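Student: I have a structure here, written as structure tokens, and I will follow up with some questions on it.
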Amino acid sequence: MAWDYSEKTKQLFMDAVQGRPGTHLGEIKDADGVGEHGSIACGDALRFTFRVLRHETDPLRDVIVEARYLTFGCTSAIAASEALCAIIEQGSFTPIHALQITNADIVKYLEGLPTQKIHCSVMGAEALEAAVFNWAGRRGVDLRKLGIDIEPHEQAEGRVVCKCFSITEPYLRRKIKELNLKTISDITSAIKAGGACSSCHHAPGGLQDILNEEWGTQASPAPATPRADAGKPVAAETPGVLSPFQFFKKVESVLKEYVRPMLQRDGGDLELVDIKEQTVYCRLEGACAGCVGASMTLKMMVEQTLKDRVDERIRVISV
Amino acid sequence: MKTIYLDNNATTAVAPEVYDAMQPYLKDLFFNPSSGYEQAQPAARAVSQSRQAVARFLGATPPEILFTSCATESNNAAILGVLRANPARRHIITTQVEHPAVLEVCKDLARQGVEVTYLPVDSSGRLDVRDFVRALRPDTLLVSVMHANNETGVIFPIEQLSRITKETDPSILFHTDATQTAGKIPLDMRSGLPAVDLLSFSGHKLHGPKGVGALYVRKGTPWRPYLIGGHQESGRRAGTENVPFIVALARAVELARERMDDEQRVRKLRDHLEKTLLANIPWLEVNGAGAARLPNTLNISCHFIEGEGILYQLSAKGICASSGSACTSGSLEPSHVLRAMKVPFTAVHGSVRFSLSRYTTNEEVERVIEEFPAIVRNLRNLSPYWDTSRDQPRSDPSQIIG
């Protein structure tokens, strides 16, 4: 694809490949932090090194003074690496503080990246994180004590499923089983995959397909609603000991006794349209129908009354 | 004889600005946007800028826009893609008055074991939201309701229906075929239609060319691609991008956005046409009267006569319109929309649809007002149901109609 890069991205790339002063191509000898991300098999790889000004007594007060990268990748991968190094050197970050730099900061520095190239910015942030972990090891800093998650970012070679975070199919399959990940959002929260552009979610061979293959189609995620278990006998769904018929009668009588008189005082009324398990569909009529606060009325007044008098689980939807 | 084109719900004239915008990409800038060399950059940039333009038009983000070949493709892709991504659910809600590009897909799915609820409409062509609520089920996968009907112009309350859908169960997906509303009423996926997951429209209904459409897929929607075999459109619609037509679509939506105010003038013209015809011709009825309607559409039934004869005479006068009559449809079936509205057969066959555009002039509408009464009279003179001498139906009309 011929990419539509920002001027900033093009400039950083041209500066880097021509080795202009102020660029960051290279590797620091005896670096204080070394981090890598990606692999040649994935088409992108980044080796990131930094040097700190060591604080005499407190490693947490080390300050990063120099950053360098070696990048195998495209225009935007190289520009993103330049951006990462520039952000770090300009900011006089401590390594811990540097962990707050995200791929979004890199994209911002580049004045935008095409969606399909967002993964290049992610690579920079991931390599930085790895380098900080490396620094912590060398300096005897316990990141866990600081509340930082240091789950190692292992890589397995294979087809890349999530391009944004360079996550491969073998790695995904292993993590799905190890961590018992059942849904796409489980995967995203555990290992980031699918968390950026989301185009791998339902692509052929994408996250949902892999989930289906690992768990069988039957185990595909239950819809995230209280009504997902609709296959159960109806009695189990109804509140307390009420049958669906009794539940309906009770809702109807509460509406009649407490709710409708209040509305009628203002020249309005309420129609009970339907009840599906604990969801009650109502329609405001008369003077209330055109009222701006109508749905607010339903939500606040009708729902609360039904919750108090019939069942705590009741939801009211205005139709 | 000058042509008076009043069939803009069928297709529209390509705007001169659109024609100009697409020319370079048919000729000098023929490159494949996927090619890496510098020469192909303008083609790639044109696709990317077009995507931004369509995104702006819809209040969406560029990655949410897919370019397709037409609204029919967009509709097929929306429905089938949702079904394939969510195999656990097997119930679809749609309406009896959808365009065939949705209705026939649903009917075909029903043959394959998917359950489909077809919502009815009242005699004005309106949906009852209560029917909709009652149709929602725990295993409902998709709601697909058109934004406005192509035959009557009746607008459905998509904002309300999609909100109720998501409040009931956020996993139910909502699709709307906005082919007739895009360019006629403002669409905004952020503030206007925040609960709509998928939206289809095409270029040739808003003064773009035929052969290009768009599908909006809200970010994160569980949906699988329909055309597979290429990285284009982020792998969600394979096939080399139709650059000139994509550019044309973008120009067309930009123009529509700039000229949305024209729709007020179109509405006035339509209202004038409607009022005058009703005043001058007996036994005329507006289909969809009483409902919220598109500003450009007038669907009228002329009782006791057949639509094809009306269209033929109109066309002899240079006026292009369409009809729900069986004789004018490829299938020889009368309009399923008017039948769903329980318009009597005698009136379905005599239905005529005038659909205006921003290029329609006062003079053109006046010409129709001038010609139409004689056209109706000519046919009624021949009709066995009409007593010409008294200018009224021959016997008790209630015996005939129905």
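Naming works like this for the structure tokens: A, B, ... for the chains as they're shown, residue 1 at the start of each chain, ligands 1 onward in shown order.
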I need the residues in stretch 78-156 of chain B that are alpha helix (DSSP H) according to DSSP; give them as JSON, numbers by chain.

Tutor: {"B": [78, 79, 80, 81, 82, 83, 84, 85, 100, 101, 102, 103, 104, 105, 106, 107, 108, 109, 110, 111, 129, 130, 131, 132, 133, 134, 135]}

Student: Suppose we keep N, CA and C atoms; can you now write the selection as a PDB file, in the first residue's frame?

Tutor:
ATOM      1  N   ALA B  78     -23.620  -6.498   5.178  1.00  0.00           N
ATOM      2  CA  ALA B  78     -23.986  -6.185   6.563  1.00  0.00           C
ATOM      3  C   ALA B  78     -24.683  -7.385   7.205  1.00  0.00           C
ATOM      4  N   ILE B  79     -25.699  -7.897   6.529  1.00  0.00           N
ATOM      5  CA  ILE B  79     -26.532  -8.937   7.140  1.00  0.00           C
ATOM      6  C   ILE B  79     -25.770 -10.258   7.223  1.00  0.00           C
ATOM      7  N   LEU B  80     -25.171 -10.666   6.108  1.00  0.00           N
ATOM      8  CA  LEU B  80     -24.481 -11.958   6.107  1.00  0.00           C
ATOM      9  C   LEU B  80     -23.247 -11.910   7.002  1.00  0.00           C
ATOM     10  N   GLY B  81     -22.579 -10.762   7.032  1.00  0.00           N
ATOM     11  CA  GLY B  81     -21.366 -10.630   7.843  1.00  0.00           C
ATOM     12  C   GLY B  81     -21.659 -10.708   9.333  1.00  0.00           C
ATOM     13  N   VAL B  82     -22.793 -10.165   9.724  1.00  0.00           N
ATOM     14  CA  VAL B  82     -23.200 -10.225  11.127  1.00  0.00           C
ATOM     15  C   VAL B  82     -23.580 -11.655  11.500  1.00  0.00           C
ATOM     16  N   LEU B  83     -24.283 -12.306  10.611  1.00  0.00           N
ATOM     17  CA  LEU B  83     -24.720 -13.684  10.862  1.00  0.00           C
ATOM     18  C   LEU B  83     -23.512 -14.602  11.017  1.00  0.00           C
ATOM     19  N   ARG B  84     -22.519 -14.401  10.162  1.00  0.00           N
ATOM     20  CA  ARG B  84     -21.357 -15.293  10.195  1.00  0.00           C
ATOM     21  C   ARG B  84     -20.484 -15.034  11.423  1.00  0.00           C
ATOM     22  N   ALA B  85     -20.537 -13.833  11.939  1.00  0.00           N
ATOM     23  CA  ALA B  85     -19.709 -13.538  13.113  1.00  0.00           C
ATOM     24  C   ALA B  85     -20.393 -13.947  14.417  1.00  0.00           C
ATOM     25  N   PRO B 100     -35.773  -4.946  -1.659  1.00  0.00           N
ATOM     26  CA  PRO B 100     -35.425  -6.367  -1.862  1.00  0.00           C
ATOM     27  C   PRO B 100     -33.992  -6.718  -1.440  1.00  0.00           C
ATOM     28  N   ALA B 101     -33.090  -5.771  -1.477  1.00  0.00           N
ATOM     29  CA  ALA B 101     -31.700  -6.063  -1.110  1.00  0.00           C
ATOM     30  C   ALA B 101     -31.567  -6.452   0.357  1.00  0.00           C
ATOM     31  N   VAL B 102     -32.576  -6.161   1.160  1.00  0.00           N
ATOM     32  CA  VAL B 102     -32.623  -6.649   2.542  1.00  0.00           C
ATOM     33  C   VAL B 102     -33.674  -7.755   2.654  1.00  0.00           C
ATOM     34  N   LEU B 103     -34.853  -7.488   2.111  1.00  0.00           N
ATOM     35  CA  LEU B 103     -35.982  -8.407   2.270  1.00  0.00           C
ATOM     36  C   LEU B 103     -35.666  -9.792   1.701  1.00  0.00           C
ATOM     37  N   GLU B 104     -35.117  -9.820   0.486  1.00  0.00           N
ATOM     38  CA  GLU B 104     -34.853 -11.111  -0.153  1.00  0.00           C
ATOM     39  C   GLU B 104     -33.702 -11.845   0.527  1.00  0.00           C
ATOM     40  N   VAL B 105     -32.753 -11.102   1.054  1.00  0.00           N
ATOM     41  CA  VAL B 105     -31.662 -11.745   1.803  1.00  0.00           C
ATOM     42  C   VAL B 105     -32.251 -12.425   3.039  1.00  0.00           C
ATOM     43  N   CYS B 106     -33.145 -11.719   3.723  1.00  0.00           N
ATOM     44  CA  CYS B 106     -33.777 -12.296   4.917  1.00  0.00           C
ATOM     45  C   CYS B 106     -34.615 -13.519   4.558  1.00  0.00           C
ATOM     46  N   LYS B 107     -35.344 -13.412   3.451  1.00  0.00           N
ATOM     47  CA  LYS B 107     -36.170 -14.563   3.051  1.00  0.00           C
ATOM     48  C   LYS B 107     -35.291 -15.756   2.719  1.00  0.00           C
ATOM     49  N   ASP B 108     -34.154 -15.484   2.094  1.00  0.00           N
ATOM     50  CA  ASP B 108     -33.261 -16.583   1.759  1.00  0.00           C
ATOM     51  C   ASP B 108     -32.666 -17.193   3.025  1.00  0.00           C
ATOM     52  N   LEU B 109     -32.344 -16.355   3.994  1.00  0.00           N
ATOM     53  CA  LEU B 109     -31.822 -16.869   5.259  1.00  0.00           C
ATOM     54  C   LEU B 109     -32.888 -17.701   5.972  1.00  0.00           C
ATOM     55  N   ALA B 110     -34.145 -17.276   5.845  1.00  0.00           N
ATOM     56  CA  ALA B 110     -35.229 -18.032   6.469  1.00  0.00           C
ATOM     57  C   ALA B 110     -35.288 -19.449   5.891  1.00  0.00           C
ATOM     58  N   ARG B 111     -35.008 -19.564   4.596  1.00  0.00           N
ATOM     59  CA  ARG B 111     -34.966 -20.896   3.976  1.00  0.00           C
ATOM     60  C   ARG B 111     -33.857 -21.742   4.582  1.00  0.00           C
ATOM     61  N   VAL B 129     -44.019   0.921  17.185  1.00  0.00           N
ATOM     62  CA  VAL B 129     -42.867   0.576  18.017  1.00  0.00           C
ATOM     63  C   VAL B 129     -43.218  -0.560  18.983  1.00  0.00           C
ATOM     64  N   ARG B 130     -44.517  -0.690  19.281  1.00  0.00           N
ATOM     65  CA  ARG B 130     -44.926  -1.780  20.174  1.00  0.00           C
ATOM     66  C   ARG B 130     -44.723  -3.144  19.518  1.00  0.00           C
ATOM     67  N   ASP B 131     -45.016  -3.227  18.211  1.00  0.00           N
ATOM     68  CA  ASP B 131     -44.749  -4.482  17.493  1.00  0.00           C
ATOM     69  C   ASP B 131     -43.264  -4.814  17.556  1.00  0.00           C
ATOM     70  N   PHE B 132     -42.470  -3.747  17.432  1.00  0.00           N
ATOM     71  CA  PHE B 132     -41.029  -3.943  17.439  1.00  0.00           C
ATOM     72  C   PHE B 132     -40.556  -4.499  18.785  1.00  0.00           C
ATOM     73  N   VAL B 133     -41.032  -3.878  19.859  1.00  0.00           N
ATOM     74  CA  VAL B 133     -40.633  -4.325  21.208  1.00  0.00           C
ATOM     75  C   VAL B 133     -41.004  -5.789  21.405  1.00  0.00           C
ATOM     76  N   ARG B 134     -42.197  -6.149  20.981  1.00  0.00           N
ATOM     77  CA  ARG B 134     -42.669  -7.518  21.192  1.00  0.00           C
ATOM     78  C   ARG B 134     -41.874  -8.516  20.359  1.00  0.00           C
ATOM     79  N   ALA B 135     -41.271  -8.055  19.275  1.00  0.00           N
ATOM     80  CA  ALA B 135     -40.511  -8.970  18.411  1.00  0.00           C
ATOM     81  C   ALA B 135     -39.121  -9.267  18.956  1.00  0.00           C
TER      82      ALA B 135
END

Student: Which residues, written as a list in words, have at least one atom at most 8 Å from A:Thr168, with only C-alpha atoms counted and residues fewer than 3 positions away on the same chain left out?

Tutor: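 So the residues in contact are Gln155, Ala156, Glu157, Gly158, Arg159, Val160, Val161, Cys162, Tyr171 and Leu172 of chain A.
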
Student: Would you put the residues from that selection into a file with C-alpha atoms, as a compact mmCIF listing (two decimals), in the first residue's frame?

Tutor:
# COMPACT_ATOMS: atom_id res chain seq x y z
CA GLN A 155 7.11 -14.14 21.41
CA ALA A 156 6.48 -17.21 19.35
CA GLU A 157 7.10 -17.25 15.66
CA GLY A 158 4.19 -17.78 13.36
CA ARG A 159 1.44 -15.96 11.52
CA VAL A 160 0.80 -12.53 13.03
CA VAL A 161 -2.86 -12.26 13.97
CA CYS A 162 -2.89 -8.90 15.76
CA TYR A 171 1.36 -17.39 21.15
CA LEU A 172 -2.35 -16.53 21.13

Student: Counting only C-alpha atoms, which residue out of A:Cys197, A:Gln278, A:Ser318, A:Glu271 sits closest to B:Thr221?

Tutor: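 When distances to B:Thr221 are compared using only C-alpha atoms, the smallest one comes from A:Cys197.
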
Student: Residues at most 7 Å from A:Asp269, counting only C-alpha atoms, excluding those fewer than 5 positions away in the same chain, as a ChimeraX atom specification?

Tutor: /A:260,263-264,284-286,288

Student: Keeping C-alpha atoms for every residue in the selection just given, could you write it to a file as a tab-separated table (two decimals), in the first residue's frame?

Tutor:
chain	number	residue	atom	x	y	z
A	260	ARG	CA	-50.39	6.11	36.70
A	263	LEU	CA	-48.95	10.86	35.73
A	264	GLN	CA	-52.68	11.37	35.35
A	284	LEU	CA	-45.75	7.63	28.05
A	285	GLU	CA	-48.98	9.05	26.74
A	286	GLY	CA	-51.03	12.21	26.84
A	288	CYS	CA	-46.24	13.30	29.12

Student: What does the structure give for the distance between atom CA of A:Leu207 and atom CA of B:Glu64, in Å to one decimal?

Tutor: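 Computing it gives 18.9 Å between the two atoms.
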
Student: Excluding stretch 113-119 of chain A and residues on its chain fewer than 5 positions from it, collect all residues at most 10 Å away from it, counting only C-alpha atoms, and give them as an NGL selection string.

Tutor: (:A and (1 or 3-6 or 9 or 44 or 74-77 or 80 or 103-104 or 106-108 or 124-125 or 162-166 or 196-197 or 199)) or (:B and (48 or 62-63 or 233-234))

Student: What is the atom CA of B:Pro138-atom CA of B:Pro120 distance in Å, reported with one decimal?

Tutor: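 Interatomic distance here is 20.9 Å.
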
Student: Just checking: using only C-alpha atoms, which residue out of A:Ser81, A:Thr49, A:Ser198, A:Gln100 ends up closest to chain B?

Tutor: A:Ser198

Student: May I have the residues within 10 Å of stretch 190-192 of chain B as a PyMOL selection string, using only C-alpha atoms and disregarding those fewer than 6 positions away in the same chain?

Tutor: chain B and resi 58-61+158-159

Student: In Å to one decimal, how far is atom CA of A:Arg315 from atom CA of A:Lys299?

Tutor: 8.3 Å

Student: Pick from A:Asp105, A:Glu111, A:Asp142, A:Glu36: nearest to A:Glu129, with only C-alpha atoms counted?

Tutor: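 Under the stated criterion, the closest residue is A:Glu36.
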
Student: Point out the residue among B:Arg367, B:Lys219, B:Arg51, B:Arg237 with the least atom-to-atom distance to chain A, counting only C-alpha atoms.

Tutor: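 Of B:Arg367, B:Lys219, B:Arg51, B:Arg237, the one nearest chain A is B:Lys219, counting only C-alpha atoms.
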
Student: Pick out the residues sitting within 10 Å of B:Leu161, and hand them over as a list in words; count only C-alpha atoms, and ignore anything fewer than 2 positions along from it in its own chain.

Tutor: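 Once the nearby chain positions are removed, what remains is Val319 of chain A; Val129, Phe132, Val133, Val143, Val145, Phe156, Pro157, Ile158, Glu159, Arg163, Ile164, Thr165, Lys166, Glu167, Phe174, Ala195 and Val196 of chain B.
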
Student: Would you put the residues from that selection into a file with N, CA and C atoms, as a PDB file, in the first residue's frame?

Tutor:
ATOM      1  N   VAL A 319     -40.386   3.398  25.358  1.00  0.00           N
ATOM      2  CA  VAL A 319     -40.517   3.130  23.918  1.00  0.00           C
ATOM      3  C   VAL A 319     -41.426   4.157  23.252  1.00  0.00           C
TER       4      VAL A 319
ATOM      5  N   VAL B 129     -44.019   0.921  17.185  1.00  0.00           N
ATOM      6  CA  VAL B 129     -42.867   0.576  18.017  1.00  0.00           C
ATOM      7  C   VAL B 129     -43.218  -0.560  18.983  1.00  0.00           C
ATOM      8  N   PHE B 132     -42.470  -3.747  17.432  1.00  0.00           N
ATOM      9  CA  PHE B 132     -41.029  -3.943  17.439  1.00  0.00           C
ATOM     10  C   PHE B 132     -40.556  -4.499  18.785  1.00  0.00           C
ATOM     11  N   VAL B 133     -41.032  -3.878  19.859  1.00  0.00           N
ATOM     12  CA  VAL B 133     -40.633  -4.325  21.208  1.00  0.00           C
ATOM     13  C   VAL B 133     -41.004  -5.789  21.405  1.00  0.00           C
ATOM     14  N   VAL B 143     -31.275  -6.454  13.959  1.00  0.00           N
ATOM     15  CA  VAL B 143     -32.439  -5.696  13.509  1.00  0.00           C
ATOM     16  C   VAL B 143     -31.992  -4.949  12.261  1.00  0.00           C
ATOM     17  N   VAL B 145     -33.670  -2.362   9.682  1.00  0.00           N
ATOM     18  CA  VAL B 145     -34.831  -1.543   9.318  1.00  0.00           C
ATOM     19  C   VAL B 145     -34.339  -0.379   8.468  1.00  0.00           C
ATOM     20  N   PHE B 156     -38.539   5.992   8.976  1.00  0.00           N
ATOM     21  CA  PHE B 156     -38.722   5.187  10.189  1.00  0.00           C
ATOM     22  C   PHE B 156     -37.895   5.762  11.344  1.00  0.00           C
ATOM     23  N   PRO B 157     -38.383   5.575  12.581  1.00  0.00           N
ATOM     24  CA  PRO B 157     -37.685   6.175  13.747  1.00  0.00           C
ATOM     25  C   PRO B 157     -36.463   5.352  14.153  1.00  0.00           C
ATOM     26  N   ILE B 158     -35.428   5.411  13.317  1.00  0.00           N
ATOM     27  CA  ILE B 158     -34.251   4.571  13.530  1.00  0.00           C
ATOM     28  C   ILE B 158     -33.560   4.889  14.853  1.00  0.00           C
ATOM     29  N   GLU B 159     -33.535   6.167  15.203  1.00  0.00           N
ATOM     30  CA  GLU B 159     -32.869   6.555  16.445  1.00  0.00           C
ATOM     31  C   GLU B 159     -33.536   5.862  17.638  1.00  0.00           C
ATOM     32  N   ARG B 163     -32.064   2.661  19.821  1.00  0.00           N
ATOM     33  CA  ARG B 163     -31.865   2.876  21.258  1.00  0.00           C
ATOM     34  C   ARG B 163     -32.548   1.776  22.067  1.00  0.00           C
ATOM     35  N   ILE B 164     -33.810   1.473  21.710  1.00  0.00           N
ATOM     36  CA  ILE B 164     -34.535   0.426  22.438  1.00  0.00           C
ATOM     37  C   ILE B 164     -33.799  -0.905  22.295  1.00  0.00           C
ATOM     38  N   THR B 165     -33.275  -1.153  21.097  1.00  0.00           N
ATOM     39  CA  THR B 165     -32.548  -2.400  20.856  1.00  0.00           C
ATOM     40  C   THR B 165     -31.370  -2.526  21.812  1.00  0.00           C
ATOM     41  N   LYS B 166     -30.561  -1.472  21.879  1.00  0.00           N
ATOM     42  CA  LYS B 166     -29.347  -1.562  22.705  1.00  0.00           C
ATOM     43  C   LYS B 166     -29.679  -1.558  24.191  1.00  0.00           C
ATOM     44  N   GLU B 167     -30.764  -0.848  24.567  1.00  0.00           N
ATOM     45  CA  GLU B 167     -31.150  -0.870  25.980  1.00  0.00           C
ATOM     46  C   GLU B 167     -31.642  -2.255  26.381  1.00  0.00           C
ATOM     47  N   PHE B 174     -27.640  -3.571  15.110  1.00  0.00           N
ATOM     48  CA  PHE B 174     -28.650  -2.779  14.410  1.00  0.00           C
ATOM     49  C   PHE B 174     -28.099  -2.289  13.081  1.00  0.00           C
ATOM     50  N   ALA B 195     -26.667   4.378  18.330  1.00  0.00           N
ATOM     51  CA  ALA B 195     -26.889   2.960  18.619  1.00  0.00           C
ATOM     52  C   ALA B 195     -26.966   2.123  17.339  1.00  0.00           C
ATOM     53  N   VAL B 196     -26.682   2.741  16.196  1.00  0.00           N
ATOM     54  CA  VAL B 196     -26.687   1.997  14.931  1.00  0.00           C
ATOM     55  C   VAL B 196     -25.288   1.429  14.690  1.00  0.00           C
TER      56      VAL B 196
END

Student: Write down as a ChimeraX atom specification the residues belonging to stretch 18-222 of chain A that are assigned strand (DSSP E) by DSSP computed on the backbone.

Tutor: /A:33-39,44-53,63-72,160-162,167-168

Student: Go through B:Pro222, B:Pro244, B:Gly229, B:Gly211 and flag the residue nearest chain A, using only C-alpha atoms for the distances.

Tutor: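 Of B:Pro222, B:Pro244, B:Gly229, B:Gly211, the one nearest chain A, counting only C-alpha atoms, is B:Pro222.
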
Student: Find the residues near A:Gly205: any atom within 10 Å, counting only C-alpha atoms, skip ones fewer than 4 places away on the same chain, and give them as a short mmCIF file (atom, residue, chain, number, x, y, z; two decimals) with C-alpha atoms, in the first residue's frame.

Tutor:
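Result file is around.cif:
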data_model
loop_
_atom_site.label_atom_id
_atom_site.label_comp_id
_atom_site.auth_asym_id
_atom_site.auth_seq_id
_atom_site.Cartn_x
_atom_site.Cartn_y
_atom_site.Cartn_z
CA ARG A 159 1.44 -15.96 11.52
CA VAL A 161 -2.86 -12.26 13.97
CA GLU A 169 -1.14 -17.28 16.31
CA CYS A 200 -8.45 -8.76 13.63
CA HIS A 201 -11.48 -9.45 15.85
CA ASP A 209 -11.97 -17.90 14.82
CA ILE A 210 -9.05 -18.90 17.02
CA LEU A 211 -11.30 -18.79 20.10
CA GLU A 213 -11.17 -23.44 17.31
#

Student: Ranking B:Ser301, B:Thr276, B:Gln41, B:Asn75 by minimum distance to chain A and counting only C-alpha atoms, which one comes first?

Tutor: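 The closest residue to chain A is B:Gln41.
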